[in-house]
Amino acid sequence: MPEDRYYDGHTATAHRIVITLAGPTLVIGSGENPGLARWPANDMRVIDANKVTGAINFGLVSDPAPRLVLHDSPVRQELLDANPRLKHWQSRAMKRGWSVGLAWTLVGLLIATGCYFAWRDGSAYLARFVPKTWEQRLGAHIYKAITKNLTVCDGTAGKAAMRQLVDRLAPPALLKDAAKNQDGITIDVVDLKLPNAFALPGDHVMVTSGLIELASSPDMVSGVVAHEIGHLDLRHPTQSAISNLGISATISIILGGSGVGDVATLLTVMSYSRKMEQEADYRGLELLKAAGLRADGMATFFKVMKDKFEKDGDSIIPDWLASHPGLAERAEYTKADTTGHTAMTDADWQSVKDICKAK
């Protein structure tokens with residue numbers, strides 16, 4: 001039968017012992033010293049157990065040095081039965097392990113969340129210092145990737161009407177200026193049934209034919225275009241690229257050192273936060289009013305989108321709208337009066353609606 005052993009923590013001697021339980025105290029004795037040590041049961045703790053031999057390794061709470069190795073015996077069982085916290089040490093250790101693991105998981109999540117928001121705010125700061133020429137190169141790569149598989153509508157009259165709208169809405173910082181190496185905002189309508197519009201780095205705005213078809217007035221289109229110009233004015237596209245891809249990958253695309261796959265990845269992950277969408281909404285309203293145009297079309301468009309994509313409380317919103325503020329919420333906070341001029345004449349509006357019909 002395996003022998004119990006006692007280590008006093010001061011020498012390397014393994015004392016062969018006999019144990020007895022005297023009330024709440026475990027008496028440890030050896031052949032040479034019957035009173036070698038006395039351990040109060042309420043000061044004892046289980047360190048671990050040997051799965052092969054079944055021995056349990058005990059220690060003291062008050063003194064980490066001594067060790068006591070006890071094999072299965074009637075006295076050990078009596079000790080465990082009298083002290084449930086020692087008997088159920090494994091479940092206690094497991095609960096403690098889960099608690100520690102959960103605590104560290106929460107700490108990790110908090111750190112990750114902090115890093116995420118710090119990086120997102122940091123990307124906004126970095127975007128301000130990206131040279132316009134770099135931004136234009138980044139936008140050119142993305143524009144090429146988007147238009148590779150889409151048809152850019154070339155109705156002459158419709159393009160002229162959209163161009164005139166952009167020129168009226170654009171703030172001075174985004175107007176064409178050769179002295180400042182600014183190309184100005186470009187705008188294209190692409191033949192795509194999904195109603196959407198988006199701004200790209202380098203001051204590009206794209207509107208789909210599906211959006212124009214959904215709009216019932218030119219003021220709704222002007223509200224959407226003003227929103228996208230708001231993104232450009234606030235440099236959200238470049239911020240989004242840096243935030244989602246990181247600095248090195250973004251610079252790689254800018255310098256032309258990346259493959260088509262990197263640009264495709266950017267198109268997949270590029271998105272705006274709710275805060276950015278709200279900022280672009282408010283900036284768009286300011287641009288509409290500064291241009292003397294009706295600003296109520298933006299809220300009207302959001303209502304139309306809500307009716308189309310949210311029915312009977314069931315949302316069928318497409319992925320590109322999922323991260324935006326709620327359509328009802330946006331329709332409410334973008335409410336504006338009807339003062340100002342209509343964005344286009346009837347003839348210009350008709351040419352915009354026919355922009356993708358030109359042969």
# chains A, B, ... in the order shown; residues from 1 in each chain; ligands from 1

$ select_by_dssp --residues "segment 163-202 of chain A" --states "strand (DSSP E or B)" --output "list of chain:residue names"
A:Asp177, A:Gln182, A:Thr186, A:Ile187, A:Asp188, A:Val189, A:Val190, A:Ala197, A:Phe198, A:Ala199, A:Leu200

$ atom_distance --atom1 "atom CA of Ala291 of chain A" --atom2 "atom CA of Pro172 of chain A"
11.7 Å

$ closest_residue --among "A:Gln77, A:Asp167, A:Asn149, A:Ala179" --to "Leu192 of chain A" --atoms "only C-alpha atoms"
A:Asn149

$ closest_residue --among "A:Asp72, A:Asp43, A:Asp337, A:Glu279" --to "Gly297 of chain A" --atoms "only C-alpha atoms"
A:Asp337

$ closest_residue --among "A:Arg38, A:Arg137, A:His71, A:Lys353" --to "Thr208 of chain A" --atoms "only C-alpha atoms"
A:Lys353

$ closest_residue --among "A:Ala170, A:Thr345, A:Gly184, A:Leu194" --to "Gly284 of chain A" --atoms "only C-alpha atoms"
A:Ala170

$ atom_distance --atom1 "atom CA of Ala328 of chain A" --atom2 "atom CA of Arg283 of chain A"
18.7 Å

$ residues_around --residues "Pro34 of chain A" --least-positions-apart "6" --cutoff "9 Å" --atoms "only C-alpha atoms" --output "number ranges by chain"
A: 17-18, 27-28

$ atom_distance --atom1 "atom CA of Ser240 of chain A" --atom2 "atom CA of Tyr282 of chain A"
18.6 Å

$ residues_around --residues "Gln278 of chain A" --least-positions-apart "6" --cutoff "12 Å" --atoms "only C-alpha atoms" --output "list of chain:residue names"
A:His227, A:Glu228, A:Gly230, A:His231, A:Leu234, A:His236, A:Tyr272, A:Gly284, A:Leu285, A:Ser323, A:His324, A:Pro325, A:Gly326, A:Leu327, A:Glu329, A:Arg330, A:Ala331, A:Glu332, A:Tyr333, A:Thr334

$ write_last_selection --atoms "C-alpha atoms" --output "PDB file, in the first residue's frame"
ATOM      1  CA  HIS A 227     -25.902  63.078 -48.596  1.00  0.00           C
ATOM      2  CA  GLU A 228     -23.131  61.452 -50.665  1.00  0.00           C
ATOM      3  CA  GLY A 230     -21.610  65.153 -47.355  1.00  0.00           C
ATOM      4  CA  HIS A 231     -19.626  61.913 -47.043  1.00  0.00           C
ATOM      5  CA  LEU A 234     -16.230  64.812 -44.292  1.00  0.00           C
ATOM      6  CA  HIS A 236     -15.665  59.384 -44.835  1.00  0.00           C
ATOM      7  CA  TYR A 272     -19.952  53.619 -42.865  1.00  0.00           C
ATOM      8  CA  GLY A 284     -26.325  67.073 -46.885  1.00  0.00           C
ATOM      9  CA  LEU A 285     -29.173  69.160 -45.492  1.00  0.00           C
ATOM     10  CA  SER A 323     -25.654  49.190 -40.773  1.00  0.00           C
ATOM     11  CA  HIS A 324     -27.367  52.535 -41.415  1.00  0.00           C
ATOM     12  CA  PRO A 325     -29.591  54.328 -38.899  1.00  0.00           C
ATOM     13  CA  GLY A 326     -33.243  53.217 -39.127  1.00  0.00           C
ATOM     14  CA  LEU A 327     -35.139  54.619 -42.101  1.00  0.00           C
ATOM     15  CA  GLU A 329     -35.424  57.564 -37.628  1.00  0.00           C
ATOM     16  CA  ARG A 330     -33.668  59.207 -40.569  1.00  0.00           C
ATOM     17  CA  ALA A 331     -36.937  60.379 -42.087  1.00  0.00           C
ATOM     18  CA  GLU A 332     -37.754  62.034 -38.768  1.00  0.00           C
ATOM     19  CA  TYR A 333     -34.494  63.874 -38.082  1.00  0.00           C
ATOM     20  CA  THR A 334     -34.061  65.034 -41.716  1.00  0.00           C
TER      21      THR A 334
END

$ residues_around --residues "Glu3 of chain A" --least-positions-apart "4" --cutoff "12 Å" --atoms "only C-alpha atoms" --output "list of chain:residue names"
A:Ala14, A:His15, A:Arg16, A:Ile17, A:Val18, A:Ile19, A:Ser30, A:Thr53, A:Ala55, A:Leu68, A:Val69, A:Leu70, A:His71, A:Asp72, A:Ser73

$ closest_residue --among "A:Thr238, A:Gln164, A:Ser209, A:Thr156" --to "Leu138 of chain A" --atoms "only C-alpha atoms"
A:Thr238

$ closest_residue --among "A:Ala290, A:Met162, A:Leu175, A:Ala37" --to "Val189 of chain A" --atoms "only C-alpha atoms"
A:Met162

$ residues_around --residues "Asp48 of chain A" --least-positions-apart "6" --cutoff "8 Å" --atoms "only C-alpha atoms" --output "VMD selection string"
chain A and resid 56 to 58

$ write_last_selection --atoms "N, CA, C and O atoms" --output "mmCIF file, in the first residue's frame"
data_model
loop_
_atom_site.group_PDB
_atom_site.id
_atom_site.type_symbol
_atom_site.label_atom_id
_atom_site.label_comp_id
_atom_site.auth_asym_id
_atom_site.auth_seq_id
_atom_site.Cartn_x
_atom_site.Cartn_y
_atom_site.Cartn_z
ATOM 1 N N ILE A 56 -3.994 12.645 -2.837
ATOM 2 C CA ILE A 56 -4.358 14.061 -2.822
ATOM 3 C C ILE A 56 -3.244 14.851 -2.157
ATOM 4 O O ILE A 56 -2.742 14.465 -1.098
ATOM 5 N N ASN A 57 -2.869 15.940 -2.790
ATOM 6 C CA ASN A 57 -1.800 16.794 -2.288
ATOM 7 C C ASN A 57 -2.428 17.960 -1.531
ATOM 8 O O ASN A 57 -3.128 18.786 -2.116
ATOM 9 N N PHE A 58 -2.179 18.019 -0.221
ATOM 10 C CA PHE A 58 -2.743 19.077 0.612
ATOM 11 C C PHE A 58 -1.671 20.114 0.963
ATOM 12 O O PHE A 58 -0.472 19.840 0.949
#
